[in-house]
Structures are given as structure tokens and as C-alpha cells.
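Novice: Starting off with a structure, shown below.
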Protein chains: 2
Amino acid sequence: MPASRLDPIDRKILAELQADGRMTNVELAKRVGISAPPCLRRVRTLEESGFIRGYHAEVDARELGFEVQVFAMVGLVSQAEADLSIFEGRCRSWSLVRECHMLNGEVDFILKCVAPDLSTFQTFLTEELLKADNVASVKTSLVIRGAKDDPGVPFDVLEDRLTRDA
Amino acid sequence: MPASRLDPIDRKILAELQADGRMTNVELAKRVGISAPPCLRRVRTLEESGFIRGYHAEVDARELGFEVQVFAMVGLVSQAEADLSIFEGRCRSWSLVRECHMLNGEVDFILKCVAPDLSTFQTFLTEELLKADNVASVKTSLVIRGAKDDPGVPFDVLEDRLTRDA
DNA sequence: CGTGAAACCGTCGCCCC
DNA sequence: GGGGCGACGGTTTCACG
């Protein structure tokens with residue numbers, strides 16, 4: 001089910017809803033150049049086929065009291081598939097861990113964590129992460145400041161690529 | 001304007017809209033236990049005060065053809081404030097760079113990048129990032145697989161913290 | 001995909017506490 | 001200050017061409 005299954009109107013819908021997920025369907029229909037009913041049918045299809053995984057309000061973490069953001073590089077003792085899966089499951093159970101990605105190279109996982117303050121994070125680090133089974137090493141880096149944090153994907157790159165292939 | 005300015009209903013609203021940003025206002029009102037008009041007034045206030053920065057559809061990057069996700073650790077030659085700002089501005093202008101965070105420790109920035117394929121990324125890496133002014137070193141790590149990718153913040157941690165302080 | 005109609009929702013003014 | 005009620009206009013979402 002590749003992106004080529006989508007026509008230009010579908011891609012426009014995705015781009016618009018990524019930029020403003022609360023847009024009304026009539027506004028969306030106007031922007032993509034069709035009337036409201038077929039537009040809604042397309043949105044439902046995109047949701048059911050998994051192109052749209054959900055809709056989320058973007059909240060201001062700092063203003064809400066999450067002052068600390070940390071990237072943690074984790075090395076494991078065993079990289080057997082079963083052990084990798086166990087560690088991933090642990091990460092999913094930790095609220096402070098928002099993202100967990102398996103990497104190539106010298107480190108096995110990168111985790112993006114948030115916490116209200118440094119002591120909360122350090123408690124998590126020493127009491128949970130470092131004590132977890134199979135964890136060999138953890139190197140943490142504090143985010144000093146954020147310069148860019150765009151959700152989603154760059155649709156301009158997609159369009160460039162599709163028009164170049166055509 | 002700290003989180004303590006928010007009452008439990010406001011926090012519930014934020015948590016619900018983070019989980020489902022397209023929920024209707026009447027459904028939201030029902031879930032937080034008030035009627036629709038005051039609920040909508042609260043949402044507008046949360047938007048205007050910056051607690052809610054926007055709403056976005058979450059799209060499936062892989063299904064859309066973005067097969068490659070890469071973390072890049074960037075070291076700069078000069079860490080003077082003016083030079084940091086210039087680099088951050090360059091990152092904002094690159095569509096493939098979705099996130100750019102300044103870190104403490106041995107590396108200056110971490111970038112999260114997406115691309116349709118490896119060759120697109122490598123072109124970006126060699127033609128743009130490595131050639132950019134002031135860039136001293138770049139170490140890249142490919143994401144082999146994603147294990148967790150939750151947007152937003154953990155409201156359960158917020159509630160624990162507030163009830164503990166009370 | 002578009003049109004039309006019915007049900008629902010967002011939104012406002014007003015009243016209440 | 002905040003919450004609830006009622007009403008209007010716009011929106012969602014059908015069935016049908």
C-alpha cells in the first residue's frame with residue numbers, strides 16, 4: 001500500500017490535516033478543491049488504511065512543567081531478538097520515555113525522555129533504566145534548548161520526488 | 001504561567017485532546033464532566049495561552065514512502081551564540097531535518113531526519129549538512145526499527161506530581 | 001463526485017451560582 | 001470568577017443521482 005496509491009488530492013488532504021488537524025471538513029474540502037462529502041469519504045479511507053494514525057493536540061511541554069528533555073543512548077549486553085524485544089517492552093511501560101528507536105552502530109537504542117525536573121529524571125535513570133535487565137551502558141545528553149521540533153513528514157519532499165519520477 | 005494555573009478539568013482537557021485531537025467539543029465536555037459552552041471556552045483559553053500549540057494528524061511515514069529515519073550528531077567549530085543561531089536557522093530550512101536540539105556534552109546538536117531512501121539522505125548529508133558553515137563533525141545512526149514513538153507528554157506523571165505536592 | 005436534507009455540533013447571549 | 005440553558009447558523013453525514 002505505497003504512497004503511489006494516493007492521488008494528489010489525498011496527499012493534499014494529508015498535508016493539510018498534518019498542518020491543522022482540527023480543520024473542519026468543509027474547509028478541508030475547499031482547500032483540496034472538492035466538495036465536502038467525497039472529502040470526508042477520503043479522510044475516512046485514509047484513516048482506515050492507516051495513512052492517518054490519529055490526531056493529537058500539540059501541548060507545550062515546558063509550560064506544563066516538563067522542564068527537562070534528555071536523549072539517552074543505551075547499549076545492551078545481549079542483542080538477541082528476544083532480549084531486544086524485552087527491552088523495547090520495558091521502554092513502552094515507562095511514561096518518561098516518549099520515544100525508543102533501535103539504531104545501527106555502536107549504540108543499540110536511543111531514547112527521548114521528558115521529566116518535570118532533573119531529580120525526577122535522575123531517579124528514573126538510576127532506579128529504573130540502569131537497573132533494567134540486559135542494560136550494559138547508558139549515556140545521557142540534556143537538551144539545552146530546542147531549535148526545531150516539527151511533527152510528521154515533509155510533504156514538499158514527497159511531491160518533488162513524485163513529480164521527478166513522473 | 002505554570003501548570004499550577006490549570007485546574008484538574010483543564011489538565012483533563014489537555015490529556016484528552018492530546019490523545020484525540022479531533023474529538024468533538026460535546027464529547028470532550030462529556031468526558032471532563034462539564035457542559036459544552038464552558039468546555040469550549042476553556043479550550044480557547046488553553047489555545048490562546050499557548051498550552052495548546054496546534055493540532056496535527058499523525059501520518060504513517062513509512063507507508064507514505066519515508067523509509068529512512070536517521071539521527072545525526074553534529075559538532076560545530078564555533079559555539080559562539082551567533083554561530084549556534086546560524087546553524088539552527090539552517091536546520092529549520094532543511095525539510096529532511098524534522099527536529100534539531102542543542103545538547104550538552106561532547107556533541108553540540110542532535111538532528112532527527114527522515115528521507116524516502118538512503119541515497120536521498122546521503123545526498124543531503126554530503127551536499128548540505130557536511131558542507132554547511134561551521135560544521136566540524138557529523139556522526140549518523142540509522143534507525144533500524146522504531147519501538148515507541150508517543151507524541152506529547154505523560155499526563156500521568158503530571159498528576160502524580162501534583163497530588164504528591166498537595 | 002455532487003446535491004439536497006436531516007441530525008448534530010460550535011457558538012453566542014443570557015441567566016445563574 | 002465560572003457553569004448551565006436555549007437558540008441560531010454552520011457542519012457532518014446520510015441517501016440518491
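Letters A, B, ... go to the chains of the C-alpha cells in the order shown; residues in each chain start at 1; ligands are counted from 1 in the same order.
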Could you tell me which residues of chain B sit within 12 Å of chain C when counting only C-alpha atoms (C1' of nucleotides), and give me the result as a PyMOL selection string?
Specialist: chain B and resi 23-27+36-41+44
Novice: Please identify every residue of chain D that has at least one atom no more than 12 Å from any atom of chain A, counting only C-alpha atoms (C1' of nucleotides), and report them as a PyMOL selection string.
Specialist: chain D and resi 10-15
Novice: With all heavy atoms retained, export the selected residues as a compact mmCIF listing (two decimals), in the first residue's frame.
Specialist:
```txt
# COMPACT_ATOMS: atom_id res chain seq x y z
P DG D 10 -24.09 30.65 8.54
OP1 DG D 10 -23.22 31.73 8.05
OP2 DG D 10 -25.26 30.19 7.75
O5' DG D 10 -23.16 29.37 8.84
C5' DG D 10 -22.16 29.48 9.83
C4' DG D 10 -21.58 28.12 10.15
O4' DG D 10 -22.57 27.30 10.81
C3' DG D 10 -21.12 27.33 8.93
O3' DG D 10 -19.86 26.73 9.23
C2' DG D 10 -22.21 26.28 8.73
C1' DG D 10 -22.70 26.05 10.15
N9 DG D 10 -24.09 25.64 10.25
C8 DG D 10 -25.18 26.28 9.71
N7 DG D 10 -26.32 25.68 9.97
C5 DG D 10 -25.95 24.59 10.73
C6 DG D 10 -26.75 23.57 11.32
O6 DG D 10 -27.98 23.45 11.26
N1 DG D 10 -25.99 22.64 12.02
C2 DG D 10 -24.63 22.69 12.13
N2 DG D 10 -24.06 21.72 12.83
N3 DG D 10 -23.85 23.63 11.60
C4 DG D 10 -24.59 24.55 10.92
P DT D 11 -19.10 25.86 8.18
OP1 DT D 11 -17.68 26.20 8.36
OP2 DT D 11 -19.75 25.98 6.86
O5' DT D 11 -19.32 24.38 8.72
C5' DT D 11 -19.06 24.11 10.09
C4' DT D 11 -19.36 22.67 10.41
O4' DT D 11 -20.80 22.49 10.43
C3' DT D 11 -18.82 21.66 9.39
O3' DT D 11 -18.14 20.66 10.11
C2' DT D 11 -20.06 21.12 8.70
C1' DT D 11 -21.12 21.27 9.77
N1 DT D 11 -22.51 21.43 9.27
C2 DT D 11 -23.49 20.55 9.70
O2 DT D 11 -23.28 19.65 10.48
N3 DT D 11 -24.74 20.80 9.18
C4 DT D 11 -25.10 21.80 8.29
O4 DT D 11 -26.24 21.92 7.90
C5 DT D 11 -24.03 22.67 7.88
C7 DT D 11 -24.29 23.77 6.93
C6 DT D 11 -22.79 22.45 8.38
P DT D 12 -17.24 19.59 9.31
OP1 DT D 12 -15.96 19.56 10.04
OP2 DT D 12 -17.31 19.90 7.87
O5' DT D 12 -17.99 18.21 9.56
C5' DT D 12 -18.34 17.85 10.89
C4' DT D 12 -19.43 16.82 10.88
O4' DT D 12 -20.61 17.39 10.27
C3' DT D 12 -19.11 15.54 10.08
O3' DT D 12 -19.41 14.43 10.92
C2' DT D 12 -20.05 15.63 8.88
C1' DT D 12 -21.22 16.40 9.45
N1 DT D 12 -22.08 17.12 8.47
C2 DT D 12 -23.45 16.91 8.52
O2 DT D 12 -23.98 16.16 9.31
N3 DT D 12 -24.17 17.63 7.59
C4 DT D 12 -23.66 18.52 6.65
O4 DT D 12 -24.40 19.11 5.87
C5 DT D 12 -22.23 18.67 6.66
C7 DT D 12 -21.59 19.60 5.68
C6 DT D 12 -21.52 17.98 7.56
P DT D 13 -18.87 12.96 10.52
OP1 DT D 13 -18.70 12.19 11.76
OP2 DT D 13 -17.72 13.12 9.61
O5' DT D 13 -20.08 12.33 9.72
C5' DT D 13 -21.38 12.41 10.30
C4' DT D 13 -22.43 12.00 9.29
O4' DT D 13 -22.87 13.13 8.53
C3' DT D 13 -21.96 10.94 8.27
O3' DT D 13 -22.92 9.93 8.19
C2' DT D 13 -21.90 11.75 6.98
C1' DT D 13 -23.07 12.70 7.21
N1 DT D 13 -23.10 13.89 6.30
C2 DT D 13 -24.33 14.42 5.95
O2 DT D 13 -25.38 13.99 6.35
N3 DT D 13 -24.26 15.50 5.11
C4 DT D 13 -23.10 16.09 4.57
O4 DT D 13 -23.17 17.04 3.82
C5 DT D 13 -21.87 15.47 4.99
C7 DT D 13 -20.57 16.01 4.49
C6 DT D 13 -21.92 14.41 5.82
P DC D 14 -22.36 8.39 7.83
OP1 DC D 14 -22.02 7.76 9.09
OP2 DC D 14 -21.38 8.44 6.72
O5' DC D 14 -23.66 7.68 7.26
C5' DC D 14 -24.15 8.04 5.96
C4' DC D 14 -25.62 8.35 6.06
O4' DC D 14 -25.77 9.77 6.18
C3' DC D 14 -26.40 7.89 4.86
O3' DC D 14 -27.17 6.77 5.19
C2' DC D 14 -27.24 9.07 4.46
C1' DC D 14 -26.59 10.27 5.14
N1 DC D 14 -25.74 11.13 4.24
C2 DC D 14 -26.34 12.10 3.44
O2 DC D 14 -27.58 12.20 3.46
N3 DC D 14 -25.57 12.89 2.67
C4 DC D 14 -24.23 12.74 2.69
N4 DC D 14 -23.50 13.56 1.93
C5 DC D 14 -23.60 11.75 3.50
C6 DC D 14 -24.38 10.97 4.26
P DA D 15 -27.34 5.59 4.05
OP1 DA D 15 -27.90 4.43 4.78
OP2 DA D 15 -26.09 5.45 3.30
O5' DA D 15 -28.44 6.17 3.05
C5' DA D 15 -29.63 6.77 3.54
C4' DA D 15 -30.36 7.46 2.39
O4' DA D 15 -29.62 8.64 2.01
C3' DA D 15 -30.48 6.60 1.13
O3' DA D 15 -31.72 6.83 0.49
C2' DA D 15 -29.31 7.08 0.28
C1' DA D 15 -29.26 8.56 0.64
N9 DA D 15 -27.93 9.16 0.47
C8 DA D 15 -26.74 8.66 0.93
N7 DA D 15 -25.71 9.41 0.64
C5 DA D 15 -26.25 10.48 -0.06
C6 DA D 15 -25.69 11.64 -0.64
N6 DA D 15 -24.38 11.89 -0.60
N1 DA D 15 -26.53 12.50 -1.26
C2 DA D 15 -27.85 12.23 -1.29
N3 DA D 15 -28.48 11.19 -0.77
C4 DA D 15 -27.63 10.35 -0.16
```
Novice: At a cut-off of 12 Å, using only C-alpha atoms (C1' of nucleotides), what residues contact Val74 (chain B)? Leave out same-chain residues fewer than 6 positions from it and give the result as JSON, numbers by chain.
Specialist: {"B": [84, 87, 88, 91, 100, 101, 102, 103, 104, 105, 106, 107, 108, 109, 110, 111, 112, 125, 129, 130, 132, 134, 135, 136, 137, 138, 139, 140, 141]}
Novice: Dump N, CA, C and O atoms for the selected residues as a short mmCIF file (atom, residue, chain, number, x, y, z; two decimals), in the first residue's frame?
Specialist:
```cif
data_model
loop_
_atom_site.label_atom_id
_atom_site.label_comp_id
_atom_site.auth_asym_id
_atom_site.auth_seq_id
_atom_site.Cartn_x
_atom_site.Cartn_y
_atom_site.Cartn_z
N LEU B 84 25.79 29.47 16.70
CA LEU B 84 24.76 28.48 17.03
C LEU B 84 23.45 28.84 16.34
O LEU B 84 22.78 28.00 15.75
N PHE B 87 23.42 28.10 12.65
CA PHE B 87 23.23 26.67 12.36
C PHE B 87 21.78 26.25 12.59
O PHE B 87 21.21 25.49 11.79
N GLU B 88 21.18 26.73 13.65
CA GLU B 88 19.77 26.40 13.91
C GLU B 88 18.88 26.89 12.78
O GLU B 88 17.92 26.21 12.38
N CYS B 91 19.08 24.48 9.94
CA CYS B 91 18.30 23.26 10.21
C CYS B 91 16.82 23.50 9.94
O CYS B 91 16.13 22.64 9.40
N CYS B 100 15.71 19.46 15.74
CA CYS B 100 17.08 19.90 15.99
C CYS B 100 17.15 20.38 17.43
O CYS B 100 16.42 21.30 17.82
N HIS B 101 17.96 19.70 18.22
CA HIS B 101 18.06 20.04 19.64
C HIS B 101 19.52 20.29 19.98
O HIS B 101 20.40 19.51 19.62
N MET B 102 19.76 21.35 20.74
CA MET B 102 21.11 21.62 21.22
C MET B 102 21.33 20.82 22.50
O MET B 102 20.49 20.81 23.39
N LEU B 103 22.47 20.14 22.57
CA LEU B 103 22.74 19.24 23.69
C LEU B 103 23.92 19.73 24.53
O LEU B 103 24.74 20.52 24.07
N ASN B 104 24.01 19.22 25.74
CA ASN B 104 25.25 19.38 26.49
C ASN B 104 26.18 18.21 26.13
O ASN B 104 25.80 17.33 25.38
N GLY B 105 27.39 18.20 26.66
CA GLY B 105 28.27 17.07 26.43
C GLY B 105 29.12 17.23 25.18
O GLY B 105 29.30 18.33 24.67
N GLU B 106 29.61 16.12 24.67
CA GLU B 106 30.62 16.17 23.62
C GLU B 106 30.09 16.62 22.26
O GLU B 106 30.84 17.12 21.43
N VAL B 107 28.80 16.42 22.04
CA VAL B 107 28.23 16.79 20.75
C VAL B 107 27.37 18.04 20.93
O VAL B 107 26.83 18.28 22.01
N ASP B 108 27.28 18.86 19.89
CA ASP B 108 26.56 20.12 20.05
C ASP B 108 25.08 20.02 19.74
O ASP B 108 24.25 20.60 20.43
N PHE B 109 24.74 19.27 18.67
CA PHE B 109 23.34 19.16 18.27
C PHE B 109 23.00 17.72 17.93
O PHE B 109 23.85 16.96 17.45
N ILE B 110 21.74 17.37 18.17
CA ILE B 110 21.22 16.12 17.63
C ILE B 110 20.09 16.48 16.68
O ILE B 110 19.25 17.33 16.98
N LEU B 111 20.10 15.84 15.51
CA LEU B 111 19.09 16.08 14.48
C LEU B 111 18.35 14.78 14.22
O LEU B 111 18.97 13.72 14.09
N LYS B 112 17.04 14.87 14.13
CA LYS B 112 16.27 13.72 13.66
C LYS B 112 15.85 14.02 12.23
O LYS B 112 15.21 15.03 11.95
N LEU B 125 23.25 14.60 3.28
CA LEU B 125 24.35 14.60 4.24
C LEU B 125 25.62 15.21 3.63
O LEU B 125 26.25 16.09 4.22
N LEU B 129 24.51 19.10 4.73
CA LEU B 129 24.90 19.17 6.13
C LEU B 129 26.41 19.28 6.29
O LEU B 129 26.91 20.17 7.00
N LEU B 130 27.17 18.39 5.63
CA LEU B 130 28.62 18.40 5.81
C LEU B 130 29.27 19.62 5.18
O LEU B 130 30.38 19.99 5.57
N ALA B 132 27.86 22.61 5.26
CA ALA B 132 27.35 23.83 5.89
C ALA B 132 28.46 24.51 6.69
O ALA B 132 29.35 23.85 7.25
N ASN B 134 30.64 26.05 9.48
CA ASN B 134 30.83 25.87 10.91
C ASN B 134 30.64 24.43 11.37
O ASN B 134 30.82 24.13 12.55
N VAL B 135 30.26 23.52 10.48
CA VAL B 135 30.07 22.12 10.88
C VAL B 135 31.43 21.44 10.93
O VAL B 135 32.16 21.40 9.94
N ALA B 136 31.76 20.88 12.12
CA ALA B 136 33.06 20.23 12.29
C ALA B 136 32.97 18.73 12.08
O ALA B 136 33.85 18.12 11.48
N SER B 137 31.89 18.13 12.60
CA SER B 137 31.78 16.67 12.50
C SER B 137 30.32 16.26 12.55
O SER B 137 29.51 16.91 13.19
N VAL B 138 30.02 15.18 11.84
CA VAL B 138 28.66 14.63 11.86
C VAL B 138 28.78 13.11 12.00
O VAL B 138 29.48 12.47 11.23
N LYS B 139 28.09 12.58 12.99
CA LYS B 139 28.01 11.13 13.12
C LYS B 139 26.56 10.73 12.99
O LYS B 139 25.71 11.23 13.71
N THR B 140 26.27 9.82 12.05
CA THR B 140 24.88 9.44 11.80
C THR B 140 24.60 8.02 12.27
O THR B 140 25.48 7.16 12.24
N SER B 141 23.38 7.80 12.73
CA SER B 141 22.92 6.47 13.12
C SER B 141 21.56 6.22 12.50
O SER B 141 20.62 6.98 12.73
#
```
Novice: Contacts from chain A to chain B, 7 Å maximum, only C-alpha atoms: show me the residue list as a PyMOL selection string.
Specialist: chain A and resi 1-3+17-22+50-61+63-65+88+92+95-96+98-105+141-154
Novice: Using DSSP on the backbone coordinates, identify all residues within chain A classified as strand (DSSP E or B); present the result as a count of residues only.
Specialist: 46
Novice: One number please: C1' of DG17 (chain D) to CA of Gly33 (chain A), in Å, one decimal.
Specialist: 21.1 Å
Novice: Kindly give the distance, in Å, that separates CA of Glu127 (chain B) and CA of Met73 (chain A), rounded to a single decimal.
Specialist: 27.5 Å
Novice: Among the residues of region 65-132 of chain A, find those DSSP assigns to alpha helix (DSSP H) from the backbone and print them as a list of chain:residue names.
Specialist: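 For region 65-132 of chain A, the alpha helix (DSSP H) set is A:Glu81, A:Ala82, A:Asp83, A:Leu84, A:Ser85, A:Ile86, A:Phe87, A:Glu88, A:Gly89, A:Arg90, A:Cys91, A:Arg92, A:Ser93, A:Leu118, A:Ser119, A:Thr120, A:Phe121, A:Gln122, A:Thr123, A:Phe124.
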Novice: So that I have them on file, write out the residues from the current selection with N, CA and C atoms, as a PDB file, in the first residue's frame.
Specialist:
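Once written, result.pdb looks like this:
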```
ATOM      1  N   GLU A  81      17.291 -11.321  19.545  1.00  0.00           N
ATOM      2  CA  GLU A  81      15.983 -10.734  19.268  1.00  0.00           C
ATOM      3  C   GLU A  81      15.076 -10.741  20.499  1.00  0.00           C
ATOM      4  N   ALA A  82      15.055 -11.834  21.229  1.00  0.00           N
ATOM      5  CA  ALA A  82      14.183 -11.907  22.405  1.00  0.00           C
ATOM      6  C   ALA A  82      14.557 -10.839  23.423  1.00  0.00           C
ATOM      7  N   ASP A  83      15.842 -10.592  23.596  1.00  0.00           N
ATOM      8  CA  ASP A  83      16.282  -9.605  24.579  1.00  0.00           C
ATOM      9  C   ASP A  83      15.998  -8.177  24.110  1.00  0.00           C
ATOM     10  N   LEU A  84      16.123  -7.953  22.813  1.00  0.00           N
ATOM     11  CA  LEU A  84      15.758  -6.648  22.270  1.00  0.00           C
ATOM     12  C   LEU A  84      14.277  -6.368  22.534  1.00  0.00           C
ATOM     13  N   SER A  85      13.445  -7.354  22.262  1.00  0.00           N
ATOM     14  CA  SER A  85      12.006  -7.170  22.453  1.00  0.00           C
ATOM     15  C   SER A  85      11.655  -6.898  23.905  1.00  0.00           C
ATOM     16  N   ILE A  86      12.336  -7.586  24.800  1.00  0.00           N
ATOM     17  CA  ILE A  86      12.072  -7.357  26.224  1.00  0.00           C
ATOM     18  C   ILE A  86      12.410  -5.915  26.601  1.00  0.00           C
ATOM     19  N   PHE A  87      13.538  -5.433  26.125  1.00  0.00           N
ATOM     20  CA  PHE A  87      13.914  -4.056  26.449  1.00  0.00           C
ATOM     21  C   PHE A  87      12.920  -3.062  25.846  1.00  0.00           C
ATOM     22  N   GLU A  88      12.491  -3.310  24.617  1.00  0.00           N
ATOM     23  CA  GLU A  88      11.509  -2.415  23.994  1.00  0.00           C
ATOM     24  C   GLU A  88      10.216  -2.393  24.798  1.00  0.00           C
ATOM     25  N   GLY A  89       9.839  -3.544  25.300  1.00  0.00           N
ATOM     26  CA  GLY A  89       8.631  -3.589  26.133  1.00  0.00           C
ATOM     27  C   GLY A  89       8.772  -2.762  27.400  1.00  0.00           C
ATOM     28  N   ARG A  90       9.954  -2.829  28.017  1.00  0.00           N
ATOM     29  CA  ARG A  90      10.196  -2.009  29.200  1.00  0.00           C
ATOM     30  C   ARG A  90      10.068  -0.523  28.859  1.00  0.00           C
ATOM     31  N   CYS A  91      10.629  -0.136  27.750  1.00  0.00           N
ATOM     32  CA  CYS A  91      10.561   1.275  27.341  1.00  0.00           C
ATOM     33  C   CYS A  91       9.120   1.717  27.159  1.00  0.00           C
ATOM     34  N   ARG A  92       8.301   0.849  26.571  1.00  0.00           N
ATOM     35  CA  ARG A  92       6.901   1.221  26.365  1.00  0.00           C
ATOM     36  C   ARG A  92       6.186   1.407  27.697  1.00  0.00           C
ATOM     37  N   SER A  93       6.646   0.743  28.720  1.00  0.00           N
ATOM     38  CA  SER A  93       5.970   0.846  30.023  1.00  0.00           C
ATOM     39  C   SER A  93       6.422   2.069  30.810  1.00  0.00           C
ATOM     40  N   LEU A 118      15.274  17.682  36.924  1.00  0.00           N
ATOM     41  CA  LEU A 118      16.429  16.805  36.816  1.00  0.00           C
ATOM     42  C   LEU A 118      16.390  15.669  37.822  1.00  0.00           C
ATOM     43  N   SER A 119      15.914  15.960  39.033  1.00  0.00           N
ATOM     44  CA  SER A 119      15.959  14.891  40.039  1.00  0.00           C
ATOM     45  C   SER A 119      14.979  13.783  39.686  1.00  0.00           C
ATOM     46  N   THR A 120      13.844  14.135  39.107  1.00  0.00           N
ATOM     47  CA  THR A 120      12.927  13.087  38.646  1.00  0.00           C
ATOM     48  C   THR A 120      13.596  12.223  37.590  1.00  0.00           C
ATOM     49  N   PHE A 121      14.291  12.897  36.672  1.00  0.00           N
ATOM     50  CA  PHE A 121      14.944  12.111  35.631  1.00  0.00           C
ATOM     51  C   PHE A 121      16.058  11.241  36.211  1.00  0.00           C
ATOM     52  N   GLN A 122      16.825  11.810  37.128  1.00  0.00           N
ATOM     53  CA  GLN A 122      17.942  11.024  37.664  1.00  0.00           C
ATOM     54  C   GLN A 122      17.463   9.842  38.486  1.00  0.00           C
ATOM     55  N   THR A 123      16.340  10.022  39.164  1.00  0.00           N
ATOM     56  CA  THR A 123      15.751   8.880  39.864  1.00  0.00           C
ATOM     57  C   THR A 123      15.359   7.786  38.878  1.00  0.00           C
ATOM     58  N   PHE A 124      14.708   8.215  37.800  1.00  0.00           N
ATOM     59  CA  PHE A 124      14.352   7.245  36.757  1.00  0.00           C
ATOM     60  C   PHE A 124      15.589   6.559  36.198  1.00  0.00           C
TER      61      PHE A 124
END
```
